[in-house]
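Colleague: Can you keep this structure in mind? I'll have questions shortly.
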Amino acid sequence: MSLPHAILTALLEKPSSGLDLTRRFDRSIGYFWSATHQQIYRELGRLETEGYIRALPAEQPARGQKKTYEVLPAGRAELARWTAAAQDPKPHRDALLLRLRAAAVVGTAGLEADLRRHLDLHRSQLAEYRQIEERDFPPGADGDQDRLRHLVLRAGIDLETFWTGWLTHALAEFAQLEQQPEQQPEQQPERQPE
């Protein structure tokens, strides 16, 4: 349900064409809510059908001209309703954590290299977020909208900081595991029939 709300948010920030929206998703909103170009265009059609957005009249009629969309009052009301609604946190699902748990019973072959790769990816993302913070949130940029946008970026920075720290710790654990002789997992005793 959040993709239409992400689009409404982006259009309220600035009326845009579908192409402009996909570029904005690639550069900003997509960091925390990703969508393919096809999903965005499909959702634009639904939002227009539901009366939440409309295509602005073209300055000069031309075939194949890109449409620029704006949010209608019903769309703003829907976004305000959704923003104010309570929502429980989603359970965290991460295949890397599950793979680490599985390694406890089948062995760690190949996993250390992937942990290093993940660490490099998270370090790169953290550096990118810090560049965005330096560029877009200089000292004194403290208007309400800036503060809320910066808060979203801070969540990304904090998450990447967590992952880089956790992965560094995990790799240190792997280094200690390599120094110890491999132990077989403990077998659970078989239950005796009653």
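Each chain in the structure tokens gets a letter, A, B, ..., in the order shown, and its residues are numbered from 1; ligands are numbered from 1 in order too.
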Identify, with DSSP run on backbone atoms, the residues in chain A assigned to helix (DSSP H, G or I), and express the list as JSON, numbers by chain.
Modeller: {"A": [2, 3, 4, 5, 6, 7, 8, 9, 10, 11, 12, 13, 18, 19, 20, 21, 22, 23, 24, 25, 26, 27, 29, 30, 31, 37, 38, 39, 40, 41, 42, 43, 44, 45, 46, 47, 48, 49, 73, 74, 75, 76, 77, 78, 79, 80, 81, 82, 83, 84, 95, 96, 97, 98, 99, 100, 101, 102, 103, 104, 105, 106, 111, 112, 113, 114, 115, 116, 117, 118, 119, 120, 121, 122, 123, 124, 125, 126, 127, 128, 129, 130, 131, 132, 133, 134, 135, 136, 144, 145, 146, 147, 148, 149, 150, 151, 152, 153, 154, 155, 156, 157, 158, 159, 160, 161, 162, 163, 164, 165, 166, 167, 168, 169, 170, 171, 172, 173, 174, 175, 176, 177, 178, 179]}
Colleague: Hey, what's within 10 Å of region 5-12 of chain A if we count only C-alpha atoms and toss same-chain stuff fewer than 4 positions away? As a VMD selection string, please?
Modeller: chain A and resid 1 16 to 18 21 to 22 24 to 25 28 to 30 33 to 35 40 43 to 44 47 52 to 53 68 to 72 75 to 76 78 to 80 82 to 83
Colleague: Looking at A:Arg116, A:Lys67, A:Pro73, A:Asp146, which one is nearest to Glu50 (chain A), with distances taken over only C-alpha atoms?
Modeller: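 Checking each of A:Arg116, A:Lys67, A:Pro73, A:Asp146 against Glu50 (chain A), counting only C-alpha atoms, the winner is A:Pro73.
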Colleague: Excluding Gln125 (chain A) and any residue of its chain fewer than 5 positions from it, enumerate the residues within 12 Å of it, using only C-alpha atoms, and give them as a list in words.
Modeller: Tyr31, His118, Leu119, Asp120, Arg130, Gln131, Ile132, Leu153, Gly156, Ile157, Asp158, Leu159, Glu160, Thr161, Trp163 and Thr164 of chain A
Colleague: Quick one: pick out all strand (DSSP E or B) residues within region 23-157 of chain A from a backbone DSSP run and write them as number ranges by chain.
Modeller: A: 53-55, 68-71
Colleague: Generate the output file for the selected residues, C-alpha atoms, as a short mmCIF file (atom, residue, chain, number, x, y, z; two decimals), in the first residue's frame.
Modeller:
```
data_model
loop_
_atom_site.label_atom_id
_atom_site.label_comp_id
_atom_site.auth_asym_id
_atom_site.auth_seq_id
_atom_site.Cartn_x
_atom_site.Cartn_y
_atom_site.Cartn_z
CA ILE A 53 -3.96 12.91 -9.20
CA ARG A 54 -4.48 14.45 -12.60
CA ALA A 55 -2.36 15.14 -15.62
CA THR A 68 3.06 16.02 -15.79
CA TYR A 69 0.93 15.02 -12.80
CA GLU A 70 -0.25 16.96 -9.78
CA VAL A 71 -2.04 15.84 -6.63
#
```
